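Q: Quick one: the structure is below, and I'll ask about it shortly.
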Amino acid sequence: MIDLHKQDGVFVLQLRSGENRLNLPFVNELHAKLDEIEKSTEPTALVTVGEGKFYSNGLDLEWMGGPGREQAAHCVQRVHELLGRLLGFPMITVCALNGHTFAAGAMLAIAHDYRVMRDDRGYFCLPEVDIQIPFTPPMAALIQARLPSNAAHEAMVSGRRYTAEQARAAGIVHEVAPEQSVLPAALALAKAHVGKPRPVLGAIKQGMYRPVLDLLMKRG
């Protein structure tokens with residue numbers, strides 16, 4: 001479901017499970033891949049990307065309401081922890097948005113340091129207001145910490161679907177690119193920061209986002 005490889009000195013984590021909905025097995029596999037990346041010692045950075053027309057369509061609500069019903073609460077907690085790990089990750093992280101990026105998938109994207117979005121297809125959207133699922137306090141804190149205040153407010157209360165250009169204008173993504181250039185653009189951005197010292201970078205992120213990380217990681 002998830003492919004991890006190195007490209008030009010950068011770890012590339014490719015989500016390859018259709019809509020890449022976040023259920024417990026998928027989230028646990030993501031955690032395991034991050035463990036593997038953190039164990040590396042050479043200077044590097046991280047790019048994540050989806051496949052086809054989806055980056056991630058968010059929580060796997062069908063799984064959580066069916067076979068995973070008894071594990072649903074634990075799954076949400078593991079998603080919180082995943083968002084916290086990426087937010088405080090001790091290397092530069094870049095999200096290559098190859099397609100639709102919705103709900104918890106959008107939160108996964110904004111937990112990265114940088115975002116590059118495909119310019120011709122796919123939306124960035126936080127649809128919780130329309131699907132009648134309030135944001136958890138840790139998720140709300142993440143969104144408000146990582147998006148410009150006006151964009152966070154509009155995205156959260158309206159459920160707006162942002163095209164790439166609209167997302168860039170709102171400060172949600174940093175670059176837009178044609179489909180075939182999304183991953184190369186993300187790799188170029190990551191490569192520019194490969195030499196950042198991990199202990200220092202990790203300490204800076206921990207200091208910047210301590211209140212949000214405390215909520216996501218259930219600290220304090």
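Letters A, B, ... go to the chains of the structure tokens in the order shown; residues in each chain start at 1; ligands are counted from 1 in the same order.
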Excluding Phe135 in chain A and residues on its chain fewer than 2 positions from it, collect all residues at most 12 Å away from it, counting only C-alpha atoms, and give them as a list in words.

A: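 Neighbouring residues, sequence-local ones excluded: Val76, His80, Ala103, Ala104, Met107, Leu126, Pro127, Glu128, Val129, Asp130, Ile131, Gln132, Ile133, Pro137, Pro138, Met139, Ala140, Ala141, Leu142, Ile143, Gln144, Ala155, Met156, Val157 and Gly159 of chain A.
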
Q: Skipping near chain neighbours, those fewer than 2 positions away, what residues fall within 9 Å of Leu61 in chain A using only C-alpha atoms, listed as JSON, numbers by chain?

A: {"A": [21, 22, 23, 58, 59, 63, 64, 65, 66, 72]}

Q: Could you check which of A:Asp35, A:Asp120, A:Asp60, A:Glu29 is closest to Thr163 in chain A, using only C-alpha atoms?

A: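 Among the listed residues, the smallest separation from Thr163 in chain A belongs to A:Asp120.
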
Q: Going by DSSP on the backbone, which bits of range 2-110 of chain A are strand (DSSP E)? Write them as a list in words, please.

A: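 In range 2-110 of chain A, DSSP puts these residues in strand (DSSP E): Ile2, Asp3, Leu4, His5, Lys6, Gln7, Val10, Phe11, Val12, Leu13, Gln14, Leu15, Leu46, Val47, Thr48, Val49, Phe54, Tyr55, Ser56, Thr93, Val94, Cys95, Ala96, Leu97, His100, Thr101 and Phe102 of chain A.
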
Q: So that I can see what lies close to Ser181 in chain A, please list as a PyMOL selection string the residues with an atom at most 10 Å from it, counting only C-alpha atoms and leaving out residues fewer than 6 positions away in the same chain.

A: chain A and resi 96+98+116-119+187

Q: Using only C-alpha atoms, determine which residues lie at most 8 Å from Leu4 in chain A, disregarding the query and same-chain residues fewer than 6 positions distant; provide the list as a PyMOL selection string.

A: chain A and resi 11-14+33

Q: Pick the closest to Arg210 in chain A from A:Pro67, A:Gly50, A:Gly84, A:Gly18: which is it, counting only C-alpha atoms?

A: A:Gly84

Q: Interatomic distance between CA of Ser40 in chain A and CA of Pro90 in chain A?

A: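 Answer for the CA of Ser40 in chain A to CA of Pro90 in chain A separation: 11.5 Å.
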
Q: Tell me, as JSON, numbers by chain, which residues lie within 12 Å of Ala32 in chain A, counting only C-alpha atoms; anything in the same chain fewer than 4 positions away does not count.

A: {"A": [2, 3, 4, 13, 25, 26, 27, 28, 36, 37, 38, 39, 78, 82, 85]}

Q: Just asking: which residues within range 104-189 of chain A are helix (DSSP H, G or I) according to DSSP, as an NGL selection string?

A: :A and (104-110 or 128-131 or 137-146 or 149-158 or 164-169 or 179-189)

Q: Grab the residues selected above and save them as a short mmCIF file (atom, residue, chain, number, x, y, z; two decimals), in the first residue's frame with N, CA and C atoms.

A:
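Saved as result.cif:
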```
data_model
loop_
_atom_site.label_atom_id
_atom_site.label_comp_id
_atom_site.auth_asym_id
_atom_site.auth_seq_id
_atom_site.Cartn_x
_atom_site.Cartn_y
_atom_site.Cartn_z
N ALA A 104 -9.01 14.65 6.46
CA ALA A 104 -7.77 14.31 7.16
C ALA A 104 -6.60 14.19 6.19
N GLY A 105 -6.88 13.92 4.91
CA GLY A 105 -5.82 13.94 3.91
C GLY A 105 -5.28 15.33 3.71
N ALA A 106 -6.16 16.34 3.77
CA ALA A 106 -5.72 17.73 3.69
C ALA A 106 -4.92 18.12 4.93
N MET A 107 -5.32 17.60 6.08
CA MET A 107 -4.55 17.86 7.30
C MET A 107 -3.18 17.22 7.24
N LEU A 108 -3.12 16.03 6.65
CA LEU A 108 -1.83 15.38 6.45
C LEU A 108 -0.92 16.27 5.59
N ALA A 109 -1.50 16.87 4.56
CA ALA A 109 -0.73 17.74 3.68
C ALA A 109 -0.20 18.98 4.40
N ILE A 110 -1.05 19.61 5.20
CA ILE A 110 -0.60 20.86 5.84
C ILE A 110 0.32 20.60 7.02
N GLU A 128 -15.61 18.93 6.44
CA GLU A 128 -16.24 18.44 7.67
C GLU A 128 -17.60 19.09 7.94
N VAL A 129 -17.75 20.38 7.62
CA VAL A 129 -19.02 21.04 7.89
C VAL A 129 -20.14 20.42 7.05
N ASP A 130 -19.82 19.97 5.85
CA ASP A 130 -20.84 19.41 4.96
C ASP A 130 -21.11 17.93 5.23
N ILE A 131 -20.12 17.22 5.73
CA ILE A 131 -20.35 15.81 6.07
C ILE A 131 -20.73 15.65 7.55
N PRO A 137 -10.42 18.75 18.51
CA PRO A 137 -9.59 19.88 18.94
C PRO A 137 -8.15 19.82 18.42
N PRO A 138 -7.48 18.65 18.43
CA PRO A 138 -6.13 18.63 17.87
C PRO A 138 -6.09 18.96 16.38
N MET A 139 -7.07 18.48 15.63
CA MET A 139 -7.11 18.77 14.20
C MET A 139 -7.37 20.25 13.95
N ALA A 140 -8.30 20.83 14.69
CA ALA A 140 -8.58 22.26 14.53
C ALA A 140 -7.35 23.09 14.86
N ALA A 141 -6.63 22.70 15.89
CA ALA A 141 -5.43 23.43 16.28
C ALA A 141 -4.37 23.36 15.19
N LEU A 142 -4.22 22.18 14.57
CA LEU A 142 -3.25 22.02 13.48
C LEU A 142 -3.59 22.93 12.31
N ILE A 143 -4.84 22.91 11.89
CA ILE A 143 -5.26 23.71 10.74
C ILE A 143 -5.01 25.20 11.00
N GLN A 144 -5.39 25.66 12.19
CA GLN A 144 -5.25 27.08 12.51
C GLN A 144 -3.79 27.48 12.69
N ALA A 145 -2.94 26.52 13.03
CA ALA A 145 -1.51 26.82 13.18
C ALA A 145 -0.79 26.86 11.84
N ARG A 146 -1.27 26.09 10.87
CA ARG A 146 -0.52 25.92 9.63
C ARG A 146 -1.08 26.68 8.44
N SER A 149 -4.79 32.77 8.76
CA SER A 149 -6.02 32.79 9.55
C SER A 149 -7.28 32.89 8.70
N ASN A 150 -7.28 33.75 7.68
CA ASN A 150 -8.47 33.87 6.84
C ASN A 150 -8.75 32.59 6.07
N ALA A 151 -7.68 31.97 5.57
CA ALA A 151 -7.85 30.72 4.82
C ALA A 151 -8.33 29.60 5.73
N ALA A 152 -7.79 29.53 6.94
CA ALA A 152 -8.23 28.50 7.88
C ALA A 152 -9.71 28.67 8.20
N HIS A 153 -10.12 29.91 8.46
CA HIS A 153 -11.53 30.16 8.80
C HIS A 153 -12.43 29.76 7.63
N GLU A 154 -12.11 30.25 6.43
CA GLU A 154 -12.95 29.94 5.28
C GLU A 154 -12.99 28.44 5.00
N ALA A 155 -11.83 27.80 5.00
CA ALA A 155 -11.77 26.38 4.69
C ALA A 155 -12.57 25.55 5.69
N MET A 156 -12.50 25.93 6.96
CA MET A 156 -13.15 25.15 8.00
C MET A 156 -14.66 25.36 8.06
N VAL A 157 -15.12 26.60 7.88
CA VAL A 157 -16.55 26.87 8.05
C VAL A 157 -17.34 26.73 6.75
N SER A 158 -16.67 26.79 5.59
CA SER A 158 -17.40 26.74 4.32
C SER A 158 -17.29 25.41 3.61
N ALA A 164 -5.95 24.45 -7.51
CA ALA A 164 -4.54 24.72 -7.21
C ALA A 164 -4.26 26.22 -7.15
N GLU A 165 -4.74 26.96 -8.13
CA GLU A 165 -4.47 28.40 -8.15
C GLU A 165 -5.16 29.11 -6.98
N GLN A 166 -6.37 28.67 -6.64
CA GLN A 166 -7.06 29.25 -5.49
C GLN A 166 -6.34 28.93 -4.20
N ALA A 167 -5.82 27.69 -4.11
CA ALA A 167 -5.08 27.30 -2.91
C ALA A 167 -3.78 28.09 -2.79
N ARG A 168 -3.12 28.34 -3.90
CA ARG A 168 -1.90 29.15 -3.84
C ARG A 168 -2.22 30.59 -3.44
N ALA A 169 -3.28 31.15 -4.01
CA ALA A 169 -3.66 32.52 -3.66
C ALA A 169 -4.02 32.66 -2.19
N GLU A 179 0.82 18.10 -14.02
CA GLU A 179 0.81 16.75 -13.43
C GLU A 179 2.18 16.10 -13.43
N GLN A 180 2.85 16.12 -14.58
CA GLN A 180 4.13 15.42 -14.69
C GLN A 180 5.26 16.12 -13.94
N SER A 181 5.01 17.35 -13.49
CA SER A 181 6.06 18.13 -12.82
C SER A 181 5.85 18.27 -11.32
N VAL A 182 4.74 17.74 -10.80
CA VAL A 182 4.45 17.91 -9.37
C VAL A 182 5.52 17.25 -8.51
N LEU A 183 5.82 15.99 -8.78
CA LEU A 183 6.83 15.29 -7.99
C LEU A 183 8.22 15.89 -8.21
N PRO A 184 8.66 16.16 -9.45
CA PRO A 184 9.96 16.80 -9.62
C PRO A 184 10.08 18.14 -8.91
N ALA A 185 9.00 18.94 -8.91
CA ALA A 185 9.04 20.22 -8.21
C ALA A 185 9.16 20.02 -6.70
N ALA A 186 8.45 19.02 -6.18
CA ALA A 186 8.54 18.72 -4.75
C ALA A 186 9.93 18.22 -4.39
N LEU A 187 10.51 17.39 -5.25
CA LEU A 187 11.86 16.89 -5.01
C LEU A 187 12.88 18.02 -5.03
N ALA A 188 12.73 18.96 -5.96
CA ALA A 188 13.65 20.09 -6.02
C ALA A 188 13.58 20.93 -4.76
N LEU A 189 12.36 21.13 -4.26
CA LEU A 189 12.19 21.90 -3.02
C LEU A 189 12.83 21.18 -1.86
#
```

Q: Please determine, counting only C-alpha atoms, which residue among A:Arg115, A:Leu201, A:Gln77, A:Tyr162 has the shortest atom-to-atom distance to Lys218 in chain A.

A: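 Residue with the minimum atom-to-atom distance to Lys218 in chain A: A:Gln77.
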
Q: When you count only C-alpha atoms, which of these residues is closest to Gly122 in chain A: A:Val79, A:Leu147, A:Leu215, A:Val176?

A: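 For Gly122 in chain A, the nearest of the candidates is A:Val176.
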
Q: Could you state the separation of CA of Leu97 in chain A and CA of Gln71 in chain A in Å, given to one decimal place?

A: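 Pair CA of Leu97 in chain A / CA of Gln71 in chain A returns 28.5 Å.
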
Q: Check the smallest atom-to-atom distance from each of A:Ala45, A:Met208, A:Ala111, A:Ile172 to Cys125 in chain A using only C-alpha atoms, then report the winner.

A: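 Residue with the minimum atom-to-atom distance to Cys125 in chain A: A:Ile172.
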
Q: Select, from A:Lys196, A:Lys191, A:Arg161, A:His112, the residue with the minimum atom-to-atom distance to Gly88 in chain A, counting only C-alpha atoms.

A: A:His112

Q: Skipping near chain neighbours, those fewer than 5 positions away, what residues fall within 9 Å of Val10 in chain A using only C-alpha atoms, listed as JSON, numbers by chain?

A: {"A": [5, 43, 44, 45, 46, 47, 187, 190, 191, 194]}

Q: Would you output that residue set with N, CA and C atoms, as an mmCIF file, in the first residue's frame?

A:
```cif
data_model
loop_
_atom_site.group_PDB
_atom_site.id
_atom_site.type_symbol
_atom_site.label_atom_id
_atom_site.label_comp_id
_atom_site.auth_asym_id
_atom_site.auth_seq_id
_atom_site.Cartn_x
_atom_site.Cartn_y
_atom_site.Cartn_z
ATOM 1 N N HIS A 5 11.167 4.801 -1.167
ATOM 2 C CA HIS A 5 12.425 4.678 -1.881
ATOM 3 C C HIS A 5 13.176 6.004 -1.813
ATOM 4 N N PRO A 43 22.288 12.925 5.487
ATOM 5 C CA PRO A 43 21.479 14.119 5.241
ATOM 6 C C PRO A 43 20.401 13.812 4.202
ATOM 7 N N THR A 44 19.183 14.168 4.488
ATOM 8 C CA THR A 44 18.091 13.852 3.566
ATOM 9 C C THR A 44 16.882 14.716 3.878
ATOM 10 N N ALA A 45 15.827 14.517 3.110
ATOM 11 C CA ALA A 45 14.546 15.184 3.316
ATOM 12 C C ALA A 45 13.471 14.182 2.917
ATOM 13 N N LEU A 46 12.202 14.576 3.046
ATOM 14 C CA LEU A 46 11.093 13.660 2.782
ATOM 15 C C LEU A 46 10.064 14.312 1.868
ATOM 16 N N VAL A 47 9.671 13.562 0.850
ATOM 17 C CA VAL A 47 8.553 13.948 -0.018
ATOM 18 C C VAL A 47 7.495 12.858 0.072
ATOM 19 N N LEU A 187 10.509 17.388 -5.245
ATOM 20 C CA LEU A 187 11.865 16.888 -5.009
ATOM 21 C C LEU A 187 12.884 18.024 -5.027
ATOM 22 N N ALA A 190 12.631 19.854 -1.796
ATOM 23 C CA ALA A 190 13.209 19.065 -0.709
ATOM 24 C C ALA A 190 14.731 19.060 -0.777
ATOM 25 N N LYS A 191 15.275 18.867 -1.987
ATOM 26 C CA LYS A 191 16.726 18.797 -2.152
ATOM 27 C C LYS A 191 17.410 20.082 -1.715
ATOM 28 N N VAL A 194 18.211 19.600 2.063
ATOM 29 C CA VAL A 194 18.712 18.309 2.541
ATOM 30 C C VAL A 194 19.725 18.455 3.671
#
```
